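J.: Sharing protein-v4.cif (mmCIF, C-alpha atoms) below.
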```cif
data_model
loop_
_atom_site.label_atom_id
_atom_site.label_comp_id
_atom_site.auth_asym_id
_atom_site.auth_seq_id
_atom_site.Cartn_x
_atom_site.Cartn_y
_atom_site.Cartn_z
CA MET E 1 97.05 142.01 263.90
CA THR E 2 100.25 143.90 264.80
CA ARG E 3 102.42 142.17 267.37
CA PRO E 4 103.52 144.31 270.34
CA ALA E 5 107.13 145.42 270.23
CA PRO E 6 109.53 143.43 272.45
CA TYR E 7 110.50 145.04 275.76
CA GLY E 8 113.42 147.42 275.39
CA THR E 9 112.69 147.98 271.70
CA SER E 10 112.71 151.58 270.49
CA VAL E 11 109.12 152.35 269.50
CA THR E 12 109.32 156.16 269.21
CA PRO E 13 112.16 158.49 268.15
CA THR E 14 113.53 158.66 271.73
CA ALA E 15 111.70 156.05 273.80
CA ARG E 16 111.67 152.29 274.18
CA LEU E 17 108.93 150.00 275.45
CA LEU E 18 109.15 149.40 279.18
CA LEU E 19 105.84 147.58 279.64
CA ALA E 20 103.35 146.53 276.99
CA ALA E 21 99.75 147.72 277.10
CA GLY E 22 97.40 145.30 278.80
CA ALA E 23 99.95 144.15 281.38
CA PRO E 24 98.64 143.27 284.87
CA GLU E 25 97.91 146.21 287.14
CA HIS E 26 100.63 145.26 289.64
CA ALA E 27 103.21 145.30 286.82
CA TRP E 28 101.99 148.74 285.76
CA HIS E 29 102.42 150.06 289.31
CA GLU E 30 105.94 148.58 289.46
CA ALA E 31 106.80 150.27 286.15
CA ARG E 32 105.54 153.61 287.45
CA GLU E 33 107.91 153.41 290.41
CA LYS E 34 110.87 153.31 288.00
CA GLY E 35 110.43 156.94 286.99
CA VAL E 36 108.32 160.06 286.68
CA GLY E 37 105.17 159.97 284.54
CA GLY E 38 102.91 162.62 283.10
CA SER E 39 100.57 162.99 286.07
CA ASP E 40 103.60 163.03 288.39
CA VAL E 41 105.05 166.03 286.54
CA ALA E 42 101.92 168.10 287.18
CA ALA E 43 102.11 167.22 290.88
CA ILE E 44 105.83 168.05 291.11
CA LEU E 45 105.08 171.46 289.60
CA GLY E 46 102.27 172.08 292.10
CA MET E 47 99.49 171.80 289.50
CA ASP E 48 97.66 168.76 290.88
CA GLY E 49 95.00 169.41 293.49
CA HIS E 50 95.21 165.82 294.71
CA GLY E 51 98.75 166.13 296.01
CA GLY E 52 102.13 167.67 295.30
CA ALA E 53 105.78 166.68 295.10
CA LEU E 54 105.73 165.10 298.56
CA ARG E 55 103.02 162.64 297.52
CA VAL E 56 105.00 161.69 294.40
CA TRP E 57 108.18 161.20 296.47
CA LEU E 58 106.38 158.94 298.93
CA GLU E 59 104.99 156.86 296.06
CA LYS E 60 108.36 156.51 294.31
CA THR E 61 110.08 155.53 297.55
CA GLY E 62 107.36 153.06 298.58
CA GLN E 63 106.30 155.03 301.66
CA ALA E 64 102.89 156.36 300.59
CA PRO E 65 100.12 155.51 303.08
CA GLU E 66 97.21 153.51 301.75
CA ARG E 67 94.45 155.74 300.50
CA HIS E 68 90.91 154.68 299.73
CA ASP E 69 88.85 157.61 298.51
CA ALA E 70 85.65 156.25 296.97
CA ARG E 71 84.97 159.48 295.08
CA LEU E 72 88.44 159.65 293.51
CA GLU E 73 88.45 155.94 292.70
CA ARG E 74 85.04 156.26 291.04
CA ALA E 75 86.24 159.26 289.03
CA ALA E 76 89.32 157.31 287.92
CA ARG E 77 87.18 154.37 286.76
CA ARG E 78 84.87 156.76 284.94
CA GLY E 79 87.79 158.42 283.17
CA HIS E 80 89.33 155.10 282.17
CA ARG E 81 86.07 153.76 280.74
CA LEU E 82 85.32 156.96 278.84
CA GLU E 83 88.83 157.13 277.35
CA SER E 84 87.86 155.00 274.34
CA LEU E 85 84.77 157.14 273.72
CA VAL E 86 86.83 160.35 273.84
CA ALA E 87 89.30 158.84 271.36
CA GLU E 88 86.45 157.75 269.07
CA PHE E 89 84.79 161.18 269.09
CA PHE E 90 88.17 162.85 268.53
CA ALA E 91 88.86 160.65 265.49
CA GLU E 92 85.47 161.56 264.01
CA GLU E 93 85.93 165.31 264.48
CA SER E 94 89.64 165.60 263.62
CA GLY E 95 89.80 163.16 260.72
CA LEU E 96 92.96 161.64 262.19
CA VAL E 97 93.63 157.96 262.72
CA VAL E 98 93.76 157.11 266.42
CA LEU E 99 96.07 154.25 267.39
CA ASP E 100 96.26 152.30 270.64
CA SER E 101 99.16 153.19 272.89
CA PRO E 102 101.97 150.60 272.87
CA GLY E 103 102.12 150.81 276.68
CA THR E 104 104.55 152.33 279.17
CA LEU E 105 107.45 154.08 277.46
CA GLN E 106 110.90 154.91 278.83
CA HIS E 107 113.35 157.46 277.43
CA VAL E 108 116.39 155.75 275.94
CA ASP E 109 118.92 158.07 277.62
CA HIS E 110 117.00 159.00 280.79
CA PRO E 111 115.43 155.84 282.28
CA HIS E 112 113.52 157.81 284.93
CA TRP E 113 111.52 159.63 282.22
CA ILE E 114 108.33 157.59 281.88
CA ALA E 115 105.28 158.08 279.63
CA ASN E 116 101.89 156.38 279.45
CA PRO E 117 100.16 158.14 276.54
CA ASP E 118 96.46 157.37 276.19
CA ARG E 119 96.61 157.05 272.41
CA LEU E 120 98.75 157.96 269.39
CA THR E 121 97.54 159.77 266.28
CA ALA E 122 98.42 159.61 262.60
CA ALA E 123 97.08 161.13 259.40
CA ASP E 124 94.91 158.84 257.29
CA ASP E 125 97.48 158.79 254.45
CA GLY E 126 99.94 156.40 256.12
CA GLN E 127 102.44 158.96 257.41
CA ALA E 128 105.81 157.83 258.75
CA ARG E 129 106.38 156.79 262.35
CA ASP E 130 108.31 159.94 263.21
CA GLU E 131 105.23 161.98 262.26
CA LEU E 132 103.00 160.31 264.80
CA GLY E 133 101.56 162.38 267.65
CA VAL E 134 100.32 161.87 271.19
CA LEU E 135 96.65 162.04 272.19
CA GLU E 136 95.71 162.79 275.79
CA CYS E 137 92.07 161.88 276.54
CA LYS E 138 90.14 163.37 279.46
CA SER E 139 86.52 163.44 280.62
CA ARG E 140 85.14 166.17 282.83
CA THR E 141 81.87 167.33 284.32
CA TRP E 142 80.84 170.84 283.32
CA ARG E 143 81.71 172.12 286.81
CA SER E 144 85.25 170.74 286.87
CA ALA E 145 85.75 171.82 283.25
CA ARG E 146 84.81 175.38 284.16
CA ASN E 147 87.25 175.39 287.09
CA GLU E 148 90.09 173.99 284.94
CA GLY E 149 89.50 176.26 281.93
CA TRP E 150 88.38 173.75 279.31
CA HIS E 151 86.51 176.26 277.19
CA GLY E 152 89.35 178.66 276.35
CA ASP E 153 91.53 179.17 273.31
CA GLN E 154 94.34 177.08 274.80
CA ALA E 155 94.37 173.63 276.34
CA PRO E 156 94.06 173.57 280.15
CA ASP E 157 97.39 173.68 281.97
CA ARG E 158 97.45 170.23 283.60
CA PRO E 159 96.66 168.09 280.54
CA ALA E 160 98.82 170.39 278.39
CA ILE E 161 101.80 169.83 280.72
CA GLN E 162 101.09 166.09 280.72
CA ALA E 163 100.97 166.00 276.91
CA HIS E 164 104.19 167.98 276.65
CA TRP E 165 105.91 165.58 279.01
CA TYR E 166 104.94 162.77 276.68
CA LEU E 167 106.49 164.72 273.81
CA THR E 168 109.63 165.11 275.92
CA VAL E 169 109.85 161.35 276.47
CA THR E 170 108.80 160.13 273.02
CA GLY E 171 110.50 162.70 270.81
CA TYR E 172 107.29 163.30 268.84
CA GLN E 173 106.65 166.80 267.48
CA HIS E 174 102.99 167.36 268.29
CA ALA E 175 100.21 166.25 270.61
CA HIS E 176 96.48 166.65 270.97
CA VAL E 177 94.46 167.17 274.15
CA ALA E 178 90.83 166.09 273.92
CA GLY E 179 88.21 166.38 276.63
CA LEU E 180 84.63 165.16 276.77
CA ILE E 181 82.70 167.74 278.80
CA ASP E 182 79.44 165.97 279.58
CA ASP E 183 78.43 165.37 275.92
CA GLU E 184 80.54 168.10 274.30
CA LEU E 185 84.05 167.46 272.89
CA GLU E 186 86.80 170.08 273.21
CA TRP E 187 90.23 169.50 271.68
CA TRP E 188 93.47 171.31 270.83
CA ARG E 189 96.66 170.59 268.88
CA LEU E 190 99.93 171.34 270.69
CA GLU E 191 103.19 171.83 268.81
CA ARG E 192 106.36 170.69 270.52
CA ASP E 193 107.93 173.52 272.52
CA GLU E 194 111.63 172.73 273.02
CA GLU E 195 112.04 175.31 275.78
CA LEU E 196 109.10 173.88 277.72
CA CYS E 197 110.40 170.34 277.21
CA ALA E 198 113.78 171.41 278.61
CA LEU E 199 112.15 173.05 281.65
CA LEU E 200 110.09 169.94 282.38
CA ALA E 201 113.14 167.71 281.97
CA ASP E 202 115.14 169.87 284.36
CA ALA E 203 112.37 169.85 287.00
CA VAL E 204 112.05 166.06 286.77
CA ASP E 205 115.82 165.49 286.89
CA ARG E 206 116.21 167.67 289.96
CA PHE E 207 113.30 165.95 291.71
CA TRP E 208 114.60 162.48 290.86
CA HIS E 209 118.26 163.06 291.78
CA ASP E 210 117.84 165.50 294.69
CA HIS E 211 114.95 163.70 296.38
CA VAL E 212 114.14 160.18 295.13
CA LEU E 213 117.72 158.90 294.72
CA ALA E 214 119.00 160.97 297.64
CA GLY E 215 116.16 159.78 299.89
CA LEU E 216 115.37 163.36 300.95
CA PRO E 217 111.70 164.40 300.96
CA PRO E 218 110.80 167.66 299.19
CA LYS E 219 109.28 170.46 301.22
CA PRO E 220 105.49 170.17 301.45
CA ASP E 221 103.25 172.62 299.61
CA GLY E 222 100.25 174.35 301.17
CA THR E 223 97.44 172.39 299.52
CA ASP E 224 94.67 170.67 301.47
CA ALA E 225 95.70 167.38 299.87
CA THR E 226 99.21 167.65 301.34
CA THR E 227 97.79 168.63 304.74
CA GLU E 228 95.65 165.48 304.68
CA LEU E 229 98.61 163.41 303.52
CA LEU E 230 100.80 164.60 306.41
CA ALA E 231 98.00 163.90 308.88
CA ARG E 232 97.73 160.31 307.61
CA LEU E 233 101.44 159.69 307.17
CA TRP E 234 102.17 158.94 310.81
CA ASN E 235 100.16 157.53 313.69
CA ALA E 236 100.74 160.06 316.44
CA ARG E 237 102.40 158.72 319.59
CA GLU E 238 100.47 160.16 322.50
CA GLU E 239 102.41 162.88 324.31
CA ALA E 240 105.57 162.02 322.34
CA THR E 241 108.05 164.87 321.85
CA VAL E 242 110.68 165.58 319.22
CA GLU E 243 113.50 168.11 319.23
CA VAL E 244 113.33 170.33 316.11
CA ASP E 245 115.80 172.73 314.54
CA PRO E 246 115.50 175.99 316.56
CA VAL E 247 116.43 178.39 313.75
CA GLU E 248 114.13 176.91 311.12
CA THR E 249 111.28 176.60 313.63
CA MET E 250 111.70 180.20 314.75
CA LEU E 251 111.59 181.38 311.14
CA LEU E 252 108.54 179.22 310.39
CA LYS E 253 106.66 180.50 313.43
CA GLN E 254 107.53 184.08 312.56
CA ARG E 255 106.33 183.66 308.97
CA ARG E 256 103.18 181.90 310.16
CA ARG E 257 102.42 184.79 312.51
CA GLU E 258 103.00 187.35 309.73
CA LEU E 259 100.71 185.49 307.32
CA ARG E 260 97.94 185.12 309.90
CA GLU E 261 98.12 188.84 310.68
CA GLU E 262 98.03 189.65 306.97
CA ILE E 263 95.01 187.40 306.43
CA ALA E 264 93.19 188.94 309.41
CA GLY E 265 93.99 192.45 308.19
CA ARG E 266 92.68 191.69 304.70
CA ALA E 267 89.42 190.14 305.97
CA ASP E 268 87.78 193.51 306.66
CA GLU E 269 89.00 194.87 303.33
CA LEU E 270 87.54 191.87 301.50
CA GLY E 271 84.27 192.24 303.40
CA GLU E 272 84.07 195.91 302.41
CA VAL E 273 84.51 195.10 298.72
CA GLU E 274 81.95 192.29 298.80
CA ASN E 275 79.42 194.38 300.73
CA ARG E 276 79.69 197.14 298.14
CA MET E 277 78.94 194.55 295.46
CA ARG E 278 75.87 193.45 297.45
CA GLN E 279 74.77 197.07 297.78
CA LEU E 280 75.02 197.57 294.02
CA ALA E 281 72.91 194.47 293.38
CA GLY E 282 70.20 195.47 295.84
CA ASP E 283 67.20 193.16 295.53
CA ALA E 284 68.41 191.69 292.20
CA GLU E 285 70.02 188.27 292.13
CA VAL E 286 72.09 188.90 288.98
CA ALA E 287 74.34 191.90 288.27
CA THR E 288 75.20 192.42 284.61
CA ILE E 289 77.48 194.56 282.46
CA GLY E 290 76.26 195.04 278.92
CA GLY E 291 73.87 192.13 279.31
CA THR E 292 76.64 189.74 280.47
CA THR E 293 76.59 188.40 284.03
CA ALA E 294 79.21 190.14 286.18
CA TYR E 295 78.31 188.43 289.46
CA THR E 296 75.33 186.96 291.27
CA TRP E 297 73.88 187.33 294.75
CA ARG E 298 71.32 184.57 294.89
CA GLN E 299 69.34 183.36 297.86
CA ASN E 300 70.79 179.86 297.54
CA GLY E 301 73.23 179.65 300.45
CA GLN E 302 73.13 177.65 303.68
CA PHE E 303 69.66 177.37 305.26
CA ALA E 304 69.38 179.33 308.54
CA ILE E 305 67.94 176.56 310.72
CA ALA E 306 68.08 178.46 314.04
CA ARG E 307 66.34 181.52 312.57
CA PHE E 308 63.73 179.31 310.90
CA ARG E 309 62.98 177.48 314.16
CA GLU E 310 62.60 180.74 316.04
CA ALA E 311 60.32 182.36 313.46
CA GLU E 312 58.32 179.28 312.42
CA PRO E 313 58.23 176.92 315.45
CA GLN E 314 55.19 174.88 314.36
CA LEU E 315 56.43 174.36 310.81
CA ALA E 316 59.92 173.60 312.10
CA ALA E 317 58.53 170.92 314.43
CA GLU E 318 56.68 169.35 311.50
CA TYR E 319 59.86 169.07 309.46
CA THR E 320 62.18 168.00 312.29
CA HIS E 321 63.24 164.34 312.36
CA LEU E 322 65.85 162.30 314.17
CA VAL E 323 68.86 161.04 312.23
CA PRO E 324 71.39 158.30 313.14
CA ALA E 325 74.47 159.78 314.77
CA VAL E 326 77.60 158.35 316.34
CA ASP E 327 77.70 158.91 320.09
CA THR E 328 81.30 160.17 320.15
CA ASP E 329 81.26 160.92 323.88
CA ARG E 330 80.39 157.32 324.76
CA LEU E 331 82.85 156.00 322.16
CA ALA E 332 85.63 158.09 323.71
CA GLN E 333 84.85 156.71 327.17
CA GLU E 334 84.46 153.05 326.22
CA HIS E 335 87.02 152.79 323.37
CA PRO E 336 89.55 155.60 323.87
CA ALA E 337 92.17 154.08 321.54
CA ILE E 338 89.70 153.75 318.64
CA TYR E 339 88.37 157.25 319.32
CA ARG E 340 91.90 158.68 319.23
CA LYS E 341 92.70 156.83 315.98
CA TYR E 342 90.02 158.73 314.07
CA ARG E 343 90.61 162.18 315.53
CA ALA E 344 92.18 164.75 313.23
CA ARG E 345 95.66 166.06 314.02
CA VAL E 346 95.49 169.81 314.67
CA LEU E 347 98.49 172.14 314.44
CA ARG E 348 98.51 174.66 317.29
CA VAL E 349 101.25 177.14 318.21
CA PRO E 350 101.34 178.51 321.79
CA SER E 351 100.68 182.22 322.01
CA GLU E 352 103.77 184.37 322.34
CA GLY E 353 104.15 187.48 324.37
#
```
Please express what this file holds, its structure, as C-alpha cells.

T.:
Amino acid sequence: MTRPAPYGTSVTPTARLLLAAGAPEHAWHEAREKGVGGSDVAAILGMDGHGGALRVWLEKTGQAPERHDARLERAARRGHRLESLVAEFFAEESGLVVLDSPGTLQHVDHPHWIANPDRLTAADDGQARDELGVLECKSRTWRSARNEGWHGDQAPDRPAIQAHWYLTVTGYQHAHVAGLIDDELEWWRLERDEELCALLADAVDRFWHDHVLAGLPPKPDGTDATTELLARLWNAREEATVEVDPVETMLLKQRRRELREEIAGRADELGEVENRMRQLAGDAEVATIGGTTAYTWRQNGQFAIARFREAEPQLAAEYTHLVPAVDTDRLAQEHPAIYRKYRARVLRVPSEG
C-alpha cells in the first residue's frame, strides 16, 4: 500500500499536497477557504447556475449565509457516491489505469490556486509521473445532460473549465472528462491549452487580489441564484433607510427602465414568431424537417382548472378535494414577526414622470 505524501510535498509537476484525501470534512472546508478551486472558477466566470462570483467571495471571506437545499444536497451525495462507478466504467472503456486522487493540491508558486481532482489517470505500461493526467467524474440525468450539452463532440463547458483549472494547478498535460448519463458513459480527452490556462489564472488572480484580499465584493450577476443569495444575505430592518450613491443609482435606474422597455417591446415580436410556428403545426403535435423534429406543440401544458370547472361542473366536483394549506392571513395577524421573516424581498422602483 502506497503511503500518502507528507503535507507540503510536491506530488505533481507544479503542485504540492495541501490536504490528504480522506481528511475530515471540516478540514476540507478549511482548505477550500485558502484558495480558488475548480468549481469556484466556473462560478467566477459566470458558468455556474448555482451562484456566481459573489457567492464564491462570501464563502472565501466567511460571510456566506447558511444554505440548506435538500435537492442540491441530495444531488451532491448522489454525485459523490457515483464517482467511483464513473471512474470504474471509464477505466474499462478507455483502457487507462485510474488512480485515487492524493487529495487537495496547492500550486507551489501561487498558494491560492487549489485543485481537488476526482482521480488521476495513467497508461497501463507504468508511464512516468509527469505523464499522468486528471480525470473529472460527473453523473447527470438525461435532462440535465441535454441542457449542458453532454452529447456533443466536445466536453461540456463547465467540467471542461474545471478540468483545465486542474491542469493549470498540477502542471499535467492532459485531462479526461467522463460523465455517466443515466446508464450511458460519455467521455473526452482534453489536451492542455496554455492560452486557456493563462486566462483562467488571470481571472482567478484578479478575483483573489481585487476582491478576496481587498475585502471588496464583486458586482452581482443576474442569475436567479444570486437574486436568492442577496435576498437571504441580510435580514431586512423594517422601514430602515440607507443613503446610496446618486450617480450610480441614477444610471442603474435608467438602465433598468431601458431593459424593461426593450423586454416589453420584444414580447409582441416573440409572440408573433411563436404563433406563426403554431399555425404551421396546425393540429399536429410534432413539426419535422426531413424527418427530424424541428419543434413540438403538444397538449401537455398546465391544466386549465377554471375552464374545466365551468365546462364539466359535475366531473370537477367529483375530483375536487381539500388539501392542507397554511392560513397566512391568521399567521400574519397572530405572529407578525414570523410572518415577516418568511416573506420574500421584492425590488420595486417608484414610477417616474

J.: What does the distance between CA of Leu213 in chain E and CA of Met47 in chain E come to in Å, to one decimal place?

T.: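 Computing it gives 22.9 Å between the two atoms.
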
J.: CA of Leu200 in chain E and CA of Trp165 in chain E are how many Å apart?

T.: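 Computing it gives 6.9 Å between the two atoms.
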
J.: For this structure, which residues satisfy the selection - the PyMOL selection byres ((chain E and resi 188) around 7) - when it is evaluated on the file as given? I want them as an NGL selection string.

T.: :E and (155 or 176-178 or 187 or 189-190)

J.: Could you name the residues that touch range 33-35 of chain E at 8 Å or less, counting all atoms listed in the file, but leaving out those on the same chain fewer than 6 positions away, as a list in words?

T.: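 With the cut-off at 8 Å, the set is Glu59, Lys60, Thr61, Pro111, His112, Trp113, Ile114 and Trp208 of chain E.
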
J.: Return as a ChimeraX atom specification the set of residues that the PyMOL selection byres ((chain E and resi 172) around 12) yields on the displayed structure.

T.: /E:11-15,117,120-122,128-135,163-171,173-176,190-194,197

J.: Please, could you write that set of residues out with C-alpha atoms as a short mmCIF file (atom, residue, chain, number, x, y, z; two decimals), in the coordinates of the input?

T.:
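Here's the written file out.cif:
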```cif
data_model
loop_
_atom_site.label_atom_id
_atom_site.label_comp_id
_atom_site.auth_asym_id
_atom_site.auth_seq_id
_atom_site.Cartn_x
_atom_site.Cartn_y
_atom_site.Cartn_z
CA VAL E 11 109.12 152.35 269.50
CA THR E 12 109.32 156.16 269.21
CA PRO E 13 112.16 158.49 268.15
CA THR E 14 113.53 158.66 271.73
CA ALA E 15 111.70 156.05 273.80
CA PRO E 117 100.16 158.14 276.54
CA LEU E 120 98.75 157.96 269.39
CA THR E 121 97.54 159.77 266.28
CA ALA E 122 98.42 159.61 262.60
CA ALA E 128 105.81 157.83 258.75
CA ARG E 129 106.38 156.79 262.35
CA ASP E 130 108.31 159.94 263.21
CA GLU E 131 105.23 161.98 262.26
CA LEU E 132 103.00 160.31 264.80
CA GLY E 133 101.56 162.38 267.65
CA VAL E 134 100.32 161.87 271.19
CA LEU E 135 96.65 162.04 272.19
CA ALA E 163 100.97 166.00 276.91
CA HIS E 164 104.19 167.98 276.65
CA TRP E 165 105.91 165.58 279.01
CA TYR E 166 104.94 162.77 276.68
CA LEU E 167 106.49 164.72 273.81
CA THR E 168 109.63 165.11 275.92
CA VAL E 169 109.85 161.35 276.47
CA THR E 170 108.80 160.13 273.02
CA GLY E 171 110.50 162.70 270.81
CA GLN E 173 106.65 166.80 267.48
CA HIS E 174 102.99 167.36 268.29
CA ALA E 175 100.21 166.25 270.61
CA HIS E 176 96.48 166.65 270.97
CA LEU E 190 99.93 171.34 270.69
CA GLU E 191 103.19 171.83 268.81
CA ARG E 192 106.36 170.69 270.52
CA ASP E 193 107.93 173.52 272.52
CA GLU E 194 111.63 172.73 273.02
CA CYS E 197 110.40 170.34 277.21
#
```

J.: When distances are computed from all atoms listed in the file, which of E:Glu285, E:Asp205, E:Glu269, E:Glu186 shows the smallest separation from Glu93 in chain E?

T.: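 The shortest atom-to-atom distance to Glu93 in chain E comes from E:Glu186.
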
J.: Taking only C-alpha atoms into account, which of E:Arg343, E:Arg278, E:Glu195, E:Val41 comes nearest Leu331 in chain E?

T.: E:Arg343

J.: Written as a PyMOL selection string, which residues does the PyMOL selection byres ((chain E and resi 182) around 10) give for the file shown?

T.: chain E and resi 139-143+145+179-181+183-185

J.: I'd like the interatomic distance between CA of Arg16 in chain E and CA of Ala203 in chain E, to a tenth of an Å.

T.: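 Separating CA of Arg16 in chain E from CA of Ala203 in chain E is a distance of 21.8 Å.
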
J.: Using only C-alpha atoms for the distances, tell me which of E:Thr226, E:Thr320, E:Ser84, E:Gln154 is nearest to Ala64 in chain E.

T.: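 The closest residue to Ala64 in chain E is E:Thr226.
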
J.: My list of candidates is E:Ala317, E:Ala284, E:Ala123, E:Val56. Which is closest to Arg298 in chain E when distances are computed with only C-alpha atoms?

T.: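 Closest candidate: E:Ala284.
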
J.: Box for range 185-191 of chain E: with edges along x, y and z, all listed atoms inside and 3 Å added on each side, what are the centre and edge lengths in Å to one decimal, as JSON?

T.:
```
{"center_x": 93.6, "center_y": 169.6, "center_z": 271.0, "size_x": 25.1, "size_y": 10.4, "size_z": 10.4}
```

J.: Nearest residue to Asp124 in chain E out of E:Glu274, E:Glu92, E:Asp268, E:Glu148, using only C-alpha atoms?

T.: E:Glu92
